[in-house]
$ cat target33.cif   # mmCIF, C-alpha atoms
data_my_file
#
loop_
_atom_site.label_atom_id
_atom_site.label_comp_id
_atom_site.auth_asym_id
_atom_site.auth_seq_id
_atom_site.Cartn_x
_atom_site.Cartn_y
_atom_site.Cartn_z
CA MET A 1 -75.52 -95.10 -30.08
CA THR A 2 -79.26 -95.79 -30.22
CA ASP A 3 -80.14 -93.19 -27.60
CA LYS A 4 -77.78 -90.63 -29.06
CA LYS A 5 -79.62 -87.35 -29.50
CA GLU A 6 -79.14 -85.71 -32.87
CA TRP A 7 -78.50 -81.98 -32.89
CA PRO A 8 -81.36 -79.99 -34.43
CA LEU A 9 -81.11 -78.70 -37.98
CA TRP A 10 -80.59 -74.97 -38.59
CA GLU A 11 -81.03 -73.00 -41.79
CA VAL A 12 -78.32 -70.42 -42.36
CA PHE A 13 -78.74 -66.98 -43.95
CA ILE A 14 -75.78 -64.78 -44.74
CA ARG A 15 -75.61 -61.14 -45.69
CA SER A 16 -72.79 -60.62 -48.14
CA GLN A 17 -70.32 -57.78 -48.16
CA HIS A 18 -72.30 -55.78 -50.64
CA GLY A 19 -75.18 -54.67 -48.49
CA LEU A 20 -77.69 -57.08 -49.99
CA SER A 21 -80.33 -58.78 -47.91
CA HIS A 22 -79.61 -62.03 -46.07
CA ARG A 23 -79.59 -64.96 -48.46
CA HIS A 24 -80.13 -68.63 -47.69
CA VAL A 25 -76.83 -70.47 -48.06
CA GLY A 26 -77.54 -73.90 -46.63
CA SER A 27 -78.11 -75.75 -43.39
CA LEU A 28 -76.17 -77.34 -40.57
CA HIS A 29 -76.56 -79.13 -37.25
CA ALA A 30 -75.83 -77.47 -33.92
CA PRO A 31 -76.87 -78.03 -30.30
CA ASP A 32 -78.15 -74.47 -29.79
CA ALA A 33 -78.33 -70.99 -31.31
CA GLU A 34 -74.88 -69.76 -30.24
CA MET A 35 -73.16 -72.85 -31.61
CA ALA A 36 -75.24 -72.59 -34.79
CA ILE A 37 -73.78 -69.12 -35.40
CA LEU A 38 -70.23 -70.34 -34.70
CA ASN A 39 -70.70 -73.39 -36.92
CA ALA A 40 -72.16 -71.23 -39.68
CA ARG A 41 -69.08 -69.05 -39.48
CA ASP A 42 -66.87 -72.09 -39.99
CA VAL A 43 -68.96 -73.87 -42.60
CA TYR A 44 -70.14 -70.96 -44.74
CA THR A 45 -67.94 -67.87 -44.27
CA ARG A 46 -64.42 -69.23 -44.47
CA ARG A 47 -63.64 -67.15 -47.53
CA ASN A 48 -64.86 -63.84 -46.25
CA GLU A 49 -68.33 -64.25 -47.73
CA GLY A 50 -70.35 -62.32 -45.22
CA VAL A 51 -70.82 -59.60 -42.66
CA SER A 52 -73.87 -60.95 -40.84
CA ILE A 53 -75.27 -64.41 -40.08
CA TRP A 54 -78.80 -65.52 -39.22
CA ALA A 55 -79.50 -69.04 -38.07
CA VAL A 56 -83.08 -70.24 -37.86
CA ARG A 57 -84.24 -73.58 -36.57
CA ALA A 58 -85.45 -75.49 -39.62
CA SER A 59 -88.50 -76.67 -37.63
CA ASP A 60 -89.55 -73.03 -37.11
CA ILE A 61 -89.84 -72.29 -40.81
CA ALA A 62 -93.35 -72.35 -42.28
CA ALA A 63 -93.15 -73.55 -45.86
CA SER A 64 -95.60 -73.99 -48.70
CA SER A 65 -96.19 -77.57 -49.71
CA PRO A 66 -94.82 -78.70 -53.09
CA GLY A 67 -98.21 -80.35 -53.75
CA GLU A 68 -99.87 -76.92 -53.58
CA LYS A 69 -97.67 -75.62 -56.35
CA GLY A 70 -100.43 -75.58 -58.96
CA PRO A 71 -103.13 -73.68 -57.05
CA LEU A 72 -100.58 -71.28 -55.54
CA PHE A 73 -98.57 -70.31 -58.56
CA ASP A 74 -100.19 -71.36 -61.82
CA PRO A 75 -102.89 -68.64 -61.85
CA ALA A 76 -100.13 -66.03 -62.23
CA ASN A 77 -99.09 -67.51 -65.57
CA SER A 78 -102.03 -66.18 -67.56
CA LYS A 79 -101.85 -62.65 -66.16
CA VAL A 80 -99.21 -61.04 -68.31
CA TYR A 81 -100.49 -57.59 -67.34
CA ARG A 82 -98.90 -58.09 -63.93
CA HIS A 83 -95.50 -57.82 -65.55
CA PRO A 84 -94.55 -54.26 -66.48
CA THR A 85 -93.43 -55.20 -69.96
CA PHE A 86 -95.76 -52.86 -71.87
CA TYR A 87 -94.06 -49.61 -71.03
CA ASP A 88 -91.55 -47.83 -73.23
CA ILE A 89 -88.59 -46.83 -71.13
CA PRO A 90 -86.85 -43.61 -72.18
CA GLU A 91 -83.31 -44.37 -73.25
CA GLU A 92 -81.80 -41.87 -70.79
CA LEU A 93 -83.14 -44.00 -67.96
CA GLY A 94 -80.90 -46.87 -68.93
CA HIS A 95 -81.39 -50.42 -67.71
CA MET A 96 -84.06 -50.96 -65.06
CA MET B 1 -27.34 -64.89 -23.82
CA SER B 2 -27.32 -62.06 -26.38
CA GLY B 3 -30.48 -60.16 -27.20
CA GLN B 4 -30.63 -61.69 -30.66
CA ASP B 5 -30.23 -65.23 -29.32
CA ALA B 6 -32.98 -64.66 -26.76
CA LEU B 7 -35.29 -63.20 -29.39
CA PHE B 8 -34.66 -66.19 -31.66
CA GLU B 9 -35.52 -68.59 -28.82
CA TYR B 10 -38.61 -66.58 -27.94
CA LEU B 11 -39.86 -66.61 -31.53
CA LEU B 12 -39.27 -70.36 -31.75
CA ARG B 13 -41.48 -70.80 -28.69
CA LEU B 14 -44.26 -68.78 -30.26
CA GLY B 15 -43.95 -70.58 -33.57
CA ASP B 16 -43.58 -74.08 -32.12
CA ASN B 17 -46.63 -73.70 -29.86
CA ALA B 18 -48.73 -72.82 -32.89
CA LEU B 19 -47.16 -75.52 -35.05
CA ILE B 20 -47.56 -78.42 -32.64
CA LEU B 21 -51.08 -77.51 -31.53
CA GLY B 22 -52.05 -76.92 -35.15
CA HIS B 23 -50.74 -80.36 -36.02
CA ARG B 24 -52.61 -81.96 -33.12
CA LEU B 25 -55.87 -80.36 -34.25
CA SER B 26 -55.26 -81.43 -37.83
CA GLU B 27 -55.32 -85.03 -36.58
CA TRP B 28 -59.07 -84.53 -36.03
CA CYS B 29 -59.59 -83.81 -39.73
CA GLY B 30 -62.00 -86.45 -41.01
CA HIS B 31 -62.63 -87.72 -37.46
CA GLY B 32 -64.62 -84.85 -35.94
CA PRO B 33 -67.77 -85.78 -33.99
CA ALA B 34 -69.88 -83.90 -36.57
CA LEU B 35 -69.20 -82.41 -39.97
CA GLU B 36 -69.53 -78.89 -38.55
CA GLU B 37 -67.04 -79.61 -35.79
CA ASP B 38 -64.63 -81.26 -38.19
CA LEU B 39 -64.55 -78.09 -40.27
CA ALA B 40 -64.22 -75.86 -37.24
CA LEU B 41 -61.28 -77.79 -35.80
CA SER B 42 -59.57 -77.81 -39.18
CA ASN B 43 -60.09 -74.06 -39.48
CA VAL B 44 -58.45 -73.47 -36.13
CA ALA B 45 -55.61 -75.79 -37.13
CA LEU B 46 -55.09 -73.81 -40.34
CA ASP B 47 -55.12 -70.51 -38.45
CA LEU B 48 -52.38 -71.85 -36.18
CA ILE B 49 -50.28 -73.17 -39.05
CA GLY B 50 -50.59 -69.75 -40.70
CA GLN B 51 -49.33 -68.11 -37.52
CA THR B 52 -46.50 -70.65 -37.39
CA GLN B 53 -45.27 -69.47 -40.77
CA LEU B 54 -45.17 -65.86 -39.62
CA TRP B 55 -43.37 -66.58 -36.34
CA LEU B 56 -40.87 -69.07 -37.73
CA ASN B 57 -40.03 -66.96 -40.77
CA LEU B 58 -39.31 -64.09 -38.43
CA ALA B 59 -37.26 -66.42 -36.21
CA GLY B 60 -35.22 -67.47 -39.23
CA ALA B 61 -34.64 -63.85 -40.22
CA VAL B 62 -33.52 -62.97 -36.69
CA GLU B 63 -31.18 -65.96 -36.61
CA GLY B 64 -29.64 -64.87 -39.93
CA LYS B 65 -28.51 -68.32 -41.07
CA GLY B 66 -30.83 -68.57 -44.03
CA ARG B 67 -33.41 -70.86 -42.40
CA ASP B 68 -37.04 -70.17 -43.26
CA ALA B 69 -40.22 -71.46 -41.59
CA ASP B 70 -40.21 -74.73 -43.56
CA ARG B 71 -36.59 -75.42 -42.73
CA LEU B 72 -37.24 -74.79 -39.04
CA ALA B 73 -40.44 -76.84 -38.96
CA TYR B 74 -39.18 -79.85 -40.87
CA HIS B 75 -35.48 -80.09 -40.08
CA ARG B 76 -35.15 -79.74 -36.34
CA ASP B 77 -35.12 -82.62 -33.88
CA ALA B 78 -37.38 -82.87 -30.85
CA ARG B 79 -34.71 -81.50 -28.53
CA ASP B 80 -34.68 -78.26 -30.56
CA PHE B 81 -38.42 -77.68 -30.33
CA ARG B 82 -39.52 -75.04 -27.85
CA ASN B 83 -43.28 -75.57 -27.50
CA VAL B 84 -44.85 -75.99 -24.06
CA LEU B 85 -45.78 -79.52 -23.00
CA LEU B 86 -49.50 -78.69 -23.02
CA VAL B 87 -49.80 -78.48 -26.79
CA GLU B 88 -48.15 -81.83 -27.51
CA GLN B 89 -50.54 -83.79 -25.26
CA PRO B 90 -52.64 -86.31 -27.19
CA ASN B 91 -56.12 -85.37 -28.41
CA GLY B 92 -57.85 -87.94 -26.18
CA ASP B 93 -61.62 -87.60 -26.37
CA PHE B 94 -63.35 -84.41 -27.47
CA ALA B 95 -63.39 -83.09 -23.90
CA VAL B 96 -59.59 -83.45 -23.62
CA THR B 97 -59.10 -81.65 -26.93
CA MET B 98 -61.36 -78.82 -25.82
CA ALA B 99 -59.83 -78.49 -22.34
CA ARG B 100 -56.36 -78.34 -23.88
CA GLN B 101 -57.62 -75.81 -26.40
CA PHE B 102 -59.30 -73.59 -23.85
CA TYR B 103 -56.27 -73.56 -21.53
CA PHE B 104 -54.08 -72.62 -24.47
CA ASP B 105 -56.45 -70.21 -26.24
CA ALA B 106 -57.06 -68.15 -23.10
CA TRP B 107 -53.32 -67.82 -22.50
CA HIS B 108 -52.61 -67.22 -26.17
CA TYR B 109 -55.20 -64.45 -26.29
CA LEU B 110 -53.77 -62.67 -23.24
CA LEU B 111 -50.22 -63.03 -24.56
CA LEU B 112 -50.97 -61.73 -28.06
CA ARG B 113 -52.82 -58.75 -26.63
CA GLU B 114 -49.62 -57.78 -24.80
CA LEU B 115 -47.39 -58.55 -27.78
CA MET B 116 -49.34 -56.03 -29.83
CA GLY B 117 -47.52 -53.43 -27.76
CA SER B 118 -44.09 -54.94 -28.42
CA LYS B 119 -41.29 -52.51 -29.20
CA ASP B 120 -40.42 -54.75 -32.15
CA GLY B 121 -42.84 -53.70 -34.89
CA ARG B 122 -42.61 -57.08 -36.59
CA ILE B 123 -43.80 -58.86 -33.45
CA ALA B 124 -46.58 -56.33 -32.87
CA GLU B 125 -47.79 -56.78 -36.43
CA ILE B 126 -47.95 -60.58 -36.29
CA ALA B 127 -49.63 -60.42 -32.88
CA ALA B 128 -52.32 -58.07 -34.18
CA LYS B 129 -53.09 -60.39 -37.07
CA ALA B 130 -53.12 -63.52 -34.90
CA LEU B 131 -55.21 -61.93 -32.17
CA LYS B 132 -58.22 -61.65 -34.47
CA GLU B 133 -58.12 -65.38 -35.10
CA VAL B 134 -57.42 -66.31 -31.51
CA THR B 135 -60.29 -64.15 -30.22
CA TYR B 136 -62.54 -66.52 -32.13
CA HIS B 137 -60.65 -69.63 -30.99
CA VAL B 138 -61.11 -68.81 -27.32
CA GLU B 139 -64.78 -68.03 -27.80
CA ARG B 140 -65.34 -71.41 -29.42
CA SER B 141 -63.34 -73.52 -26.98
CA ARG B 142 -64.95 -71.70 -24.04
CA GLU B 143 -68.42 -72.43 -25.40
CA TRP B 144 -67.57 -76.11 -25.64
CA VAL B 145 -66.13 -76.32 -22.13
CA VAL B 146 -69.33 -74.74 -20.79
CA ARG B 147 -71.60 -77.00 -22.84
CA LEU B 148 -69.81 -80.22 -22.01
CA GLY B 149 -69.35 -79.29 -18.34
CA ASP B 150 -72.98 -78.23 -17.95
CA GLY B 151 -74.29 -80.95 -20.26
CA THR B 152 -75.17 -84.56 -19.58
CA GLU B 153 -73.84 -86.63 -16.71
CA GLU B 154 -71.35 -88.29 -19.05
CA SER B 155 -70.14 -85.10 -20.73
CA HIS B 156 -69.69 -83.47 -17.31
CA ARG B 157 -67.68 -86.43 -16.05
CA ARG B 158 -65.43 -86.41 -19.12
CA MET B 159 -64.94 -82.64 -19.09
CA GLN B 160 -64.05 -82.63 -15.40
CA ALA B 161 -61.55 -85.45 -15.98
CA ALA B 162 -59.97 -83.54 -18.88
CA VAL B 163 -59.72 -80.32 -16.88
CA ASP B 164 -58.08 -82.24 -14.01
CA ASP B 165 -55.66 -84.25 -16.16
CA LEU B 166 -54.28 -81.30 -18.15
CA TRP B 167 -54.04 -78.85 -15.28
CA MET B 168 -50.46 -79.76 -14.43
CA TYR B 169 -49.36 -78.65 -17.90
CA THR B 170 -50.65 -75.08 -17.46
CA GLY B 171 -48.03 -73.92 -14.93
CA GLU B 172 -45.32 -73.82 -17.57
CA LEU B 173 -47.22 -71.11 -19.46
CA PHE B 174 -46.56 -68.60 -16.71
CA GLU B 175 -42.98 -69.39 -15.75
CA SER B 176 -40.08 -67.33 -16.96
CA ASP B 177 -36.40 -68.02 -17.58
CA GLU B 178 -33.49 -66.01 -18.95
CA VAL B 179 -35.08 -65.88 -22.42
CA ASP B 180 -38.23 -64.31 -21.00
CA GLN B 181 -36.17 -61.95 -18.85
CA ALA B 182 -34.28 -60.70 -21.91
CA VAL B 183 -37.55 -60.24 -23.81
CA ILE B 184 -39.16 -58.39 -20.90
CA GLY B 185 -36.05 -56.24 -20.45
CA GLY B 186 -36.04 -55.25 -24.10
CA GLY B 187 -39.72 -54.29 -24.01
CA LEU B 188 -40.44 -56.96 -26.60
CA GLY B 189 -42.97 -58.98 -24.64
CA PRO B 190 -44.78 -59.27 -21.30
CA ASP B 191 -43.73 -61.02 -18.11
CA PRO B 192 -45.43 -64.43 -18.38
CA ALA B 193 -46.33 -64.24 -14.68
CA SER B 194 -48.40 -61.12 -15.35
CA LEU B 195 -50.79 -63.19 -17.48
CA HIS B 196 -51.53 -65.65 -14.68
CA GLU B 197 -54.19 -63.71 -12.74
CA PRO B 198 -56.24 -62.70 -15.78
CA TRP B 199 -56.00 -66.29 -17.05
CA LEU B 200 -57.16 -67.67 -13.71
CA GLY B 201 -60.02 -65.18 -13.71
CA LEU B 202 -61.21 -66.49 -17.06
CA MET B 203 -60.81 -70.08 -15.85
CA ARG B 204 -62.80 -69.46 -12.67
CA ALA B 205 -65.65 -67.69 -14.44
CA THR B 206 -65.85 -70.43 -17.07
CA ALA B 207 -65.63 -73.27 -14.56
CA GLU B 208 -68.47 -71.75 -12.57
CA GLU B 209 -70.67 -71.46 -15.63
CA ALA B 210 -69.74 -74.98 -16.66
CA THR B 211 -70.38 -76.40 -13.17
CA LEU B 212 -66.80 -77.68 -13.13
CA THR B 213 -64.32 -77.64 -10.27
CA LEU B 214 -60.93 -76.13 -11.01
CA PRO B 215 -58.01 -78.11 -9.64
CA GLN B 216 -55.90 -76.54 -6.91
CA PRO B 217 -52.61 -74.97 -7.97
CA GLY B 218 -50.05 -77.71 -7.63
CA TRP B 219 -46.90 -79.20 -9.04
CA ALA B 220 -46.35 -78.20 -12.66
CA GLN B 221 -44.88 -80.26 -15.46
CA ARG B 222 -42.24 -78.18 -17.21
CA GLY B 223 -39.48 -78.47 -19.75
CA GLY B 224 -40.96 -77.90 -23.20
CA LYS B 225 -39.73 -74.32 -23.40
CA ARG B 226 -36.19 -75.61 -22.94
CA GLY B 227 -36.54 -78.57 -25.31
CA ILE B 228 -37.28 -81.27 -22.71
CA HIS B 229 -40.38 -82.93 -24.11
CA SER B 230 -42.74 -85.81 -23.40
CA GLU B 231 -42.50 -88.89 -25.60
CA HIS B 232 -45.45 -87.61 -27.63
CA LEU B 233 -43.45 -85.00 -29.52
CA GLY B 234 -41.30 -87.63 -31.22
CA TYR B 235 -44.35 -89.30 -32.73
CA ILE B 236 -45.74 -85.95 -33.86
CA LEU B 237 -42.49 -85.09 -35.60
CA ALA B 238 -42.34 -88.51 -37.25
CA ASP B 239 -45.68 -87.70 -38.88
CA LEU B 240 -44.94 -84.07 -39.53
CA GLN B 241 -41.41 -84.36 -40.86
CA PHE B 242 -41.35 -87.70 -42.63
CA LEU B 243 -41.78 -86.39 -46.15
CA GLN B 244 -39.18 -83.64 -45.96
CA ARG B 245 -36.75 -85.95 -44.19
CA ALA B 246 -37.18 -88.73 -46.74
CA TYR B 247 -37.30 -86.43 -49.76
CA PRO B 248 -35.53 -83.21 -48.77
CA GLY B 249 -36.80 -80.18 -50.65
CA ALA B 250 -39.75 -82.07 -52.16
CA THR B 251 -42.47 -79.74 -53.45
CA TRP B 252 -45.89 -80.31 -54.96
#

$ encode --input "target33.cif" --output "structure tokens"
Amino acid sequence: MTDKKEWPLWEVFIRSQHGLSHRHVGSLHAPDAEMAILNARDVYTRRNEGVSIWAVRASDIAASSPGEKGPLFDPANSKVYRHPTFYDIPEELGHM
Amino acid sequence: MSGQDALFEYLLRLGDNALILGHRLSEWCGHGPALEEDLALSNVALDLIGQTQLWLNLAGAVEGKGRDADRLAYHRDARDFRNVLLVEQPNGDFAVTMARQFYFDAWHYLLLRELMGSKDGRIAEIAAKALKEVTYHVERSREWVVRLGDGTEESHRRMQAAVDDLWMYTGELFESDEVDQAVIGGGLGPDPASLHEPWLGLMRATAEEATLTLPQPGWAQRGGKRGIHSEHLGYILADLQFLQRAYPGATW
């Protein structure tokens, strides 16, 4: 068992029935891309959740580091003018 | 043999193949080599059990003695089961399970495609529904045969052994008897022999891709379609039927 090779990890994205964009649903292990798609079908779409599957090798995803959270995101907090909350919306327009 | 009797037998064969293979696959539940594979095998098992319900309910309706799918599944003895010998063979290692599955799936796919054109609308309807599931089954089992065959030295050795050991159970899939003749004559289903060449074509193409050697056509084990089974079926039925035999009509 010691030399047993683990299958690589894949992140799975599914587009739901309703024409929304692909959404991350979870991850799984698979030996290659084709099997990752088949496994994703079995693990994540058993109840008719989707119409399209993307599988991406987890190692190919570039991610921001949790330690960088402050410098990356905090400066946005004090800039309320970036949120369009100061406009009066005519009633006829309804909910935006 | 009357047309109705032959149709009943034929439907039992379709239902029992799905039931016994579905049960075999369900034995993997909780024992799959990886979580993903465990789920996939269980999904295929559930698809097959779902198809069993459709075929056996129709069989019961054709028979006209008030037996439904549950009654037929749980209250017949081994001698009355009509599945081919291939599907009752033990799971063995993962390569054996996948070789058995690929042999069956490829045949099942070709058969259902023909049954969609059955003159009996009920058969055509079930076949159309099952074909969608089986199209996926054969894709998955084929992928595994290729990967294990063209994988490591050990996986190749095991896959080749599985392909060799189960080969003698494939001949029965393409033989016909008076039940098949009645079904062919009534335009209800295809001649089993007509599926052989397309099946072999799929086997050859897959074996080549998987760097496997297909066994030569040889002596075939037969009997399941007529109720002559290997010893394995008795153990399967002991598992499958225990509850309904011990507590008839139990529900939960």

$ closest_atom_pairs --input "target33.cif" --of "chain A" --to "chain B" --cutoff "8 Å" --atoms "all atoms listed in the file" --output "tab-separated table"
residue	atom	partner	partner_atom	distance
A:Leu28	CA	B:Glu36	CA	7.1
A:His29	CA	B:Glu36	CA	7.2
A:Ala30	CA	B:Glu36	CA	7.9
A:Met35	CA	B:Glu143	CA	7.8
A:Leu38	CA	B:Arg140	CA	7.3
A:Asn39	CA	B:Glu36	CA	5.9
A:Asp42	CA	B:Ala40	CA	5.4
A:Val43	CA	B:Glu36	CA	6.5

$ residues_around --input "target33.cif" --residues "Asp60 (chain A)" --least-positions-apart "4" --cutoff "12 Å" --atoms "all atoms listed in the file" --output "short mmCIF file (atom, residue, chain, number, x, y, z; two decimals) with C-alpha atoms, in the coordinates of the input"
data_model
loop_
_atom_site.label_atom_id
_atom_site.label_comp_id
_atom_site.auth_asym_id
_atom_site.auth_seq_id
_atom_site.Cartn_x
_atom_site.Cartn_y
_atom_site.Cartn_z
CA PRO A 8 -81.36 -79.99 -34.43
CA LEU A 9 -81.11 -78.70 -37.98
CA TRP A 10 -80.59 -74.97 -38.59
CA GLU A 11 -81.03 -73.00 -41.79
CA ALA A 55 -79.50 -69.04 -38.07
CA VAL A 56 -83.08 -70.24 -37.86
#

$ resolve_selection --input "target33.cif" --expression "the PyMOL selection byres ((chain B and resi 175) around 10)" --output "JSON, numbers by chain"
{"B": [170, 171, 172, 173, 174, 176, 177, 180, 191, 192, 193, 194, 196, 220, 222, 225]}

$ atom_distance --input "target33.cif" --atom1 "CA of Glu63 (chain B)" --atom2 "CA of Tyr247 (chain B)"
25.1 Å

$ residues_near_point --input "target33.cif" --point "(-61.7, -68.4, -43.8)" --cutoff "10 Å" --atoms "only C-alpha atoms" --output "number ranges by chain"
A: 41-49; B: 43-44, 46-47, 133

$ atom_distance --input "target33.cif" --atom1 "CA of Ala45 (chain B)" --atom2 "CA of Leu212 (chain B)"
26.5 Å

$ atom_distance --input "target33.cif" --atom1 "CA of Trp28 (chain B)" --atom2 "CA of Tyr74 (chain B)"
21.0 Å

$ resolve_selection --input "target33.cif" --expression "the PyMOL selection byres ((chain A and resi 54) around 6)" --output "PyMOL selection string"
chain A and resi 12-13+53+55
